[in-house]
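As stored in query-v8.cif (mmCIF, C-alpha atoms):
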```cif
data_my_file
#
loop_
_atom_site.label_atom_id
_atom_site.label_comp_id
_atom_site.auth_asym_id
_atom_site.auth_seq_id
_atom_site.Cartn_x
_atom_site.Cartn_y
_atom_site.Cartn_z
CA MET A 200 -161.81 -10.62 108.93
CA LEU A 201 -162.32 -13.96 107.41
CA ILE A 202 -160.01 -15.25 104.58
CA ASP A 203 -161.63 -16.86 101.66
CA TRP A 204 -159.13 -19.63 101.03
CA PHE A 205 -160.89 -20.79 97.96
CA THR A 206 -160.53 -17.38 96.38
CA VAL A 207 -156.88 -17.21 97.40
CA LEU A 208 -156.26 -20.65 96.00
CA ALA A 209 -158.08 -19.77 92.82
CA GLN A 210 -156.00 -16.63 92.43
CA VAL A 211 -152.79 -18.55 93.02
CA VAL A 212 -153.83 -21.10 90.45
CA ASN A 213 -154.77 -18.36 88.01
CA PHE A 214 -151.41 -16.67 88.63
CA LEU A 215 -149.50 -19.85 88.03
CA ILE A 216 -151.46 -20.53 84.87
CA LEU A 217 -150.80 -16.97 83.73
CA VAL A 218 -147.08 -17.35 84.45
CA TRP A 219 -146.99 -20.62 82.56
CA LEU A 220 -148.89 -19.13 79.67
CA LEU A 221 -146.64 -16.12 79.59
CA LYS A 222 -143.59 -18.27 79.76
CA ARG A 223 -144.92 -20.67 77.17
CA PHE A 224 -146.30 -18.27 74.65
CA LEU A 225 -144.51 -14.98 75.35
CA TYR A 226 -141.17 -15.26 77.12
CA ARG A 227 -139.95 -18.33 75.24
CA PRO A 228 -140.38 -16.84 71.76
CA ILE A 229 -138.87 -13.61 72.97
CA LEU A 230 -135.95 -15.46 74.56
CA ASP A 231 -135.56 -17.59 71.45
CA ALA A 232 -135.64 -14.50 69.32
CA ILE A 233 -133.16 -12.84 71.61
CA ASP A 234 -130.91 -15.93 71.49
CA ALA A 235 -131.20 -16.12 67.73
CA ARG A 236 -130.44 -12.43 67.44
CA GLU A 237 -127.51 -12.75 69.80
CA LYS A 238 -126.23 -15.71 67.78
CA ARG A 239 -126.71 -13.77 64.56
CA ILE A 240 -124.99 -10.74 66.06
CA ALA A 241 -122.18 -12.95 67.40
CA LYS A 242 -121.84 -14.57 63.96
CA GLU A 243 -121.85 -11.21 62.27
CA LEU A 244 -119.26 -9.98 64.77
CA ALA A 245 -117.17 -13.09 64.14
CA ASP A 246 -117.51 -12.58 60.41
CA ALA A 247 -116.61 -8.94 60.88
CA ASP A 248 -113.60 -9.94 62.98
CA ALA A 249 -112.62 -12.49 60.36
CA LYS A 250 -113.00 -9.93 57.60
CA LYS A 251 -111.13 -7.41 59.70
CA ALA A 252 -108.35 -9.91 60.34
CA GLU A 253 -108.30 -10.77 56.63
CA ALA A 254 -108.27 -7.10 55.78
CA GLN A 255 -105.43 -6.52 58.22
CA LYS A 256 -103.62 -9.51 56.76
CA GLU A 257 -104.12 -8.19 53.25
CA ARG A 258 -103.05 -4.76 54.40
CA ALA A 259 -99.93 -6.24 56.01
CA GLU A 260 -99.23 -8.18 52.83
CA PHE A 261 -99.78 -5.05 50.79
CA GLN A 262 -97.45 -3.06 53.04
CA HIS A 263 -94.89 -5.85 52.86
CA LYS A 264 -95.17 -5.97 49.09
CA ASN A 265 -95.03 -2.19 48.96
CA GLU A 266 -91.92 -2.16 51.15
CA ALA A 267 -90.36 -4.91 49.06
CA PHE A 268 -91.23 -2.95 45.91
CA GLU A 269 -89.72 0.19 47.40
CA GLN A 270 -86.60 -1.71 48.37
CA GLN A 271 -86.40 -3.26 44.92
CA ARG A 272 -87.01 0.10 43.31
CA ALA A 273 -84.32 1.70 45.50
CA ALA A 274 -81.93 -1.16 44.70
CA LEU A 275 -82.61 -0.89 40.95
CA LEU A 276 -82.31 2.89 41.11
CA GLY A 277 -79.04 2.61 43.07
CA LYS A 278 -77.74 0.00 40.65
CA ALA A 279 -78.73 2.12 37.67
CA THR A 280 -77.07 5.15 39.29
CA ASP A 281 -73.89 3.18 40.01
CA GLU A 282 -73.84 1.80 36.48
CA ALA A 283 -74.38 5.29 35.08
CA LYS A 284 -71.52 6.63 37.23
CA ALA A 285 -69.30 3.72 36.22
CA GLU A 286 -70.15 4.22 32.56
CA ARG A 287 -69.53 7.95 32.87
CA GLN A 288 -66.19 7.30 34.56
CA ARG A 289 -65.30 4.72 31.89
CA LEU A 290 -66.15 7.16 29.12
CA LEU A 291 -64.13 9.87 30.86
CA ASP A 292 -61.20 7.47 31.29
CA ASP A 293 -61.45 6.39 27.65
CA ALA A 294 -61.60 10.01 26.54
CA ARG A 295 -58.66 10.92 28.79
CA GLN A 296 -56.69 7.91 27.58
CA ALA A 297 -57.47 8.75 23.97
CA ALA A 298 -56.45 12.37 24.56
CA GLU A 299 -53.22 11.28 26.27
CA THR A 300 -52.49 8.81 23.48
CA LEU A 301 -53.18 11.45 20.85
CA ALA A 302 -51.04 13.97 22.72
CA ALA A 303 -48.25 11.40 23.09
CA LYS A 304 -48.43 10.54 19.39
CA ARG A 305 -48.47 14.21 18.49
CA GLN A 306 -45.53 14.89 20.78
CA GLU A 307 -43.68 11.88 19.38
CA THR A 308 -44.43 13.05 15.84
CA LEU A 309 -43.23 16.56 16.62
CA ARG A 310 -40.15 15.21 18.33
CA SER A 311 -39.45 12.86 15.43
CA GLU A 312 -39.95 15.64 12.91
CA HIS A 313 -37.77 17.96 14.99
CA GLN A 314 -35.11 15.28 15.29
CA SER A 315 -35.30 14.49 11.57
CA LEU A 316 -35.02 18.18 10.73
CA ASN A 317 -32.06 18.60 13.06
CA GLU A 318 -30.41 15.51 11.63
CA ALA A 319 -31.03 16.72 8.08
CA LEU A 320 -29.69 20.18 8.86
CA SER A 321 -26.70 18.76 10.74
CA ARG A 322 -25.97 16.25 8.00
CA ARG A 323 -26.31 18.86 5.27
CA ALA A 324 -24.13 21.35 7.15
CA ARG A 325 -21.57 18.65 7.89
CA GLU A 326 -21.48 17.50 4.28
CA GLU A 327 -21.13 21.06 3.05
CA VAL A 328 -18.36 21.85 5.53
CA PHE A 329 -16.35 18.75 4.70
CA ALA A 330 -16.98 19.12 0.98
CA ILE A 331 -15.69 22.69 1.15
CA ALA A 332 -12.72 21.57 3.26
CA ARG A 333 -11.84 18.78 0.85
CA LYS A 334 -12.17 21.08 -2.16
CA ALA A 335 -10.09 23.78 -0.51
CA LEU A 336 -7.36 21.30 0.46
CA ALA A 337 -7.44 19.73 -2.98
CA ASP A 338 -7.12 23.17 -4.60
CA LEU A 339 -4.24 24.12 -2.28
CA ALA A 340 -2.36 20.83 -2.77
CA THR A 341 0.77 21.15 -4.94
CA SER A 342 3.68 18.93 -5.92
CA SER A 343 5.89 20.42 -3.22
CA LEU A 344 3.17 19.75 -0.68
CA GLU A 345 2.99 16.15 -1.87
CA GLU A 346 6.75 15.85 -1.32
CA ARG A 347 6.25 16.97 2.26
CA MET A 348 3.44 14.45 2.54
CA GLY A 349 5.93 11.77 1.42
CA GLU A 350 8.20 12.62 4.33
CA VAL A 351 5.27 12.42 6.76
CA PHE A 352 4.25 9.09 5.20
CA ILE A 353 7.76 7.67 5.73
CA ARG A 354 7.69 8.79 9.37
CA ARG A 355 4.27 7.18 9.79
CA LEU A 356 5.68 4.00 8.28
CA HIS A 357 8.52 3.86 10.84
CA GLU A 358 6.08 4.64 13.71
CA MET A 359 3.76 1.72 12.90
CA ASP A 360 2.83 -0.79 15.61
CA ALA A 361 5.15 -3.80 15.55
CA LYS A 362 2.29 -6.26 15.02
CA ALA A 363 0.69 -4.20 12.25
CA LYS A 364 4.10 -3.61 10.67
CA ALA A 365 4.87 -7.33 10.70
CA GLY A 366 1.51 -8.16 9.12
CA LEU A 367 1.96 -5.55 6.39
CA GLY A 368 5.51 -6.79 5.73
CA GLU A 369 4.33 -10.39 5.33
CA ALA A 370 1.53 -9.24 3.01
CA LEU A 371 3.99 -7.24 0.85
CA LYS A 372 6.48 -10.10 0.68
CA SER A 373 3.91 -12.81 -0.11
CA ALA A 374 1.69 -10.75 -2.42
CA SER A 375 1.48 -11.96 -6.01
CA ALA A 376 1.13 -8.39 -7.27
CA PRO A 377 3.30 -5.39 -6.41
CA GLY A 378 2.19 -3.14 -3.60
CA ARG A 379 0.42 0.02 -4.67
CA VAL A 380 1.55 3.45 -3.61
CA ARG A 381 -1.19 5.93 -4.40
CA SER A 382 -0.94 9.74 -4.29
CA ALA A 383 -2.99 12.66 -5.51
CA PHE A 384 -0.14 13.92 -7.73
CA ASP A 385 2.39 12.07 -9.85
CA LEU A 386 5.44 11.70 -7.62
CA PRO A 387 8.83 12.60 -9.12
CA ALA A 388 11.43 9.85 -9.57
CA GLU A 389 13.54 11.11 -6.67
CA GLN A 390 10.64 10.93 -4.23
CA ARG A 391 9.62 7.51 -5.51
CA ALA A 392 13.15 6.30 -4.88
CA VAL A 393 13.09 7.73 -1.36
CA ILE A 394 9.78 6.00 -0.61
CA GLN A 395 11.02 2.74 -2.16
CA ASN A 396 14.17 2.78 -0.05
CA ALA A 397 12.20 3.63 3.09
CA ILE A 398 9.82 0.70 2.54
CA ASN A 399 12.67 -1.72 1.78
CA GLU A 400 14.46 -0.59 4.91
CA ALA A 401 11.29 -0.79 7.05
CA PHE A 402 10.53 -4.39 6.04
CA SER A 403 14.13 -5.54 5.41
CA ALA A 404 13.31 -6.80 1.94
CA ASP A 405 13.22 -5.72 -1.68
CA ILE A 406 9.53 -4.82 -2.02
CA HIS A 407 8.00 -4.49 -5.48
CA LEU A 408 5.90 -1.32 -5.72
CA ARG A 409 3.67 0.28 -8.31
CA PHE A 410 3.14 4.03 -8.06
CA GLU A 411 -0.27 5.38 -9.07
CA THR A 412 -2.02 8.69 -9.01
CA ALA A 413 -5.42 8.90 -7.27
CA PRO A 414 -7.15 12.28 -7.61
CA ASP A 415 -9.72 11.21 -4.99
CA LEU A 416 -7.02 11.37 -2.28
CA VAL A 417 -6.85 14.70 -0.48
CA SER A 418 -3.19 15.56 0.04
CA GLY A 419 -1.70 12.26 1.12
CA ILE A 420 -0.02 8.97 0.29
CA GLU A 421 -1.15 5.40 0.96
CA LEU A 422 0.39 1.95 0.57
CA THR A 423 -1.97 -1.01 0.01
CA THR A 424 -1.54 -4.73 -0.63
CA ASP A 425 -3.84 -7.72 -0.10
CA GLY A 426 -6.22 -5.72 2.08
CA GLN A 427 -3.42 -4.26 4.22
CA LYS A 428 -2.92 -0.51 4.17
CA VAL A 429 -0.79 2.20 5.69
CA ALA A 430 -1.56 5.78 4.77
CA TRP A 431 -1.41 9.38 5.79
CA THR A 432 -3.83 11.78 4.17
CA ILE A 433 -5.67 14.87 5.24
CA ALA A 434 -8.83 12.97 4.32
CA ASP A 435 -8.15 10.68 7.29
CA TYR A 436 -8.25 13.69 9.61
CA LEU A 437 -11.44 14.89 7.97
CA ALA A 438 -12.99 11.42 8.30
CA SER A 439 -11.96 11.25 11.96
CA LEU A 440 -13.42 14.70 12.57
CA GLU A 441 -16.62 13.75 10.75
CA GLN A 442 -16.95 10.57 12.82
CA GLY A 443 -16.45 12.54 16.02
CA ILE A 444 -19.16 15.01 15.02
CA ASP A 445 -21.52 12.11 14.18
CA GLU A 446 -20.97 10.57 17.61
CA LEU A 447 -21.51 13.94 19.29
CA LEU A 448 -24.80 14.46 17.44
CA LYS A 449 -25.96 10.93 18.32
CA GLU A 450 -25.20 11.56 22.00
CA LYS A 451 -27.13 14.83 21.78
CA ASP A 452 -30.11 13.03 20.21
CA LYS A 453 -30.04 10.40 22.97
CA ALA A 454 -29.99 13.14 25.59
CA VAL A 455 -32.98 14.85 23.94
CA VAL A 456 -34.91 11.55 23.81
CA GLY A 457 -34.15 10.85 27.47
CA GLN A 458 -35.24 14.36 28.45
CA ASP A 459 -38.51 13.97 26.49
CA ALA A 460 -39.17 10.60 28.16
CA GLU A 461 -38.52 12.05 31.61
CA THR A 462 -40.80 14.99 30.88
CA GLY A 463 -43.57 12.64 29.70
CA ALA A 464 -43.16 10.46 32.80
CA LYS A 465 -43.51 13.51 35.07
CA ALA A 466 -46.49 14.85 33.16
CA LYS A 467 -48.43 11.59 33.25
CA PRO A 468 -48.76 11.29 37.07
CA LYS A 469 -49.78 14.93 37.17
CA ALA A 470 -52.55 14.29 34.66
CA GLU A 471 -53.73 11.23 36.62
CA HIS A 472 -53.78 13.25 39.81
CA GLU A 473 -55.93 15.91 38.17
#
```

Any chance you could put this one into structure tokens?
Amino acid sequence: MLIDWFTVLAQVVNFLILVWLLKRFLYRPILDAIDAREKRIAKELADADAKKAEAQKERAEFQHKNEAFEQQRAALLGKATDEAKAERQRLLDDARQAAETLAAKRQETLRSEHQSLNEALSRRAREEVFAIARKALADLATSSLEERMGEVFIRRLHEMDAKAKAGLGEALKSASAPGRVRSAFDLPAEQRAVIQNAINEAFSADIHLRFETAPDLVSGIELTTDGQKVAWTIADYLASLEQGIDELLKEKDKAVVGQDAETGAKAKPKAEHE
């Protein structure tokens, strides 16, 4: 079989022309379109990635802000709670302190009123007792009793302390006015003479005396001069007894105050513990 080389060559040339034409007018536009589309798709993907990254960034920022807000909210809430608790505790402490102060003032007032009442009752009873005693002794005092008081007075004069006796003697000797001998009743002349002799003998001098009656004395005799005095009266015993009772009542009041203070000191820690 013979080969027609001209036909073969013509077909090859036609094929090459067809390929060139296809490539020139068909494949190139398609490839360009494909490239352009790929570039557009790549750009869109890049934009999408950028937007996604931006969205993720914004989301992260939002979450961070949200977390910060939650932390701030929790901190503010905790602070507000702590302040509320502190304020509540302060108000409770103020109320407790006010109640304790009021209770202490009330207790002090009651104690003071109780003490004042006791003092008033004790003072009134004491005054009444001693007033009755003085009145009874004054009513029972007689001239014969006063004579006996004179003997006791002379014995008291001889029993004086040496220093006090010397001072009284100097005062009697150097006094410009006579010494005064006072008694509740008018002493008879004989008893005055006995007292005068006893005083002269006690101070080894002739002492000038003036005898007076003093109804305020309760069964007794006293010798005074220039602020110096020697006496023996039942009133002295009553005064000594009254002073002793006053001291006893004062010690009792101090004991009551100390007991109240100790009770308050024990009660206060108990209240704080509660």

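Interatomic distance, CA of Ile420 (chain A) to CA of Glu446 (chain A): 27.2 Å.
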
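The spacing separating CA of Thr423 (chain A) from CA of Gly378 (chain A) amounts to 5.9 Å.
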
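Between CA of Gln270 (chain A) and CA of Glu253 (chain A) the interatomic distance comes to 24.9 Å.
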
Six-sided padding of 5 Å per side, axis-aligned box over region 389-406 of chain A, centre and edges in Å, one decimal, as lines of an AutoDock Vina configuration file:
```
center_x = 12.0
center_y = 2.2
center_z = 0.2
size_x = 14.9
size_y = 27.9
size_z = 23.7
```

Apply the PyMOL selection byres ((chain A and resi 364) around 12) to the file shown and report the selected residues as a ChimeraX atom specification. /A:355-363,365-371,398,401-403,427-429

Hits from the PyMOL selection byres ((chain A and resi 382) around 7), listed as a list of chain:residue names: A:Val380, A:Arg381, A:Ala383, A:Phe384, A:Asp385, A:Glu411, A:Thr412, A:Ala413, A:Leu416, A:Gly419, A:Ile420, A:Glu421

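Checking A:Leu244, A:Phe352, A:Arg391, A:His407 one by one against Pro377 (chain A), counting all atoms listed in the file, you find the shortest gap at A:His407.
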
Counting all atoms listed in the file, figure out which residue out of A:Arg323, A:Ser375, A:Phe410, A:Asp248 gets nearest to Ala388 (chain A). A:Phe410

A:Arg223, A:Arg409, A:Arg379, A:Arg239: which is nearest Thr424 (chain A), counting all atoms listed in the file? A:Arg379
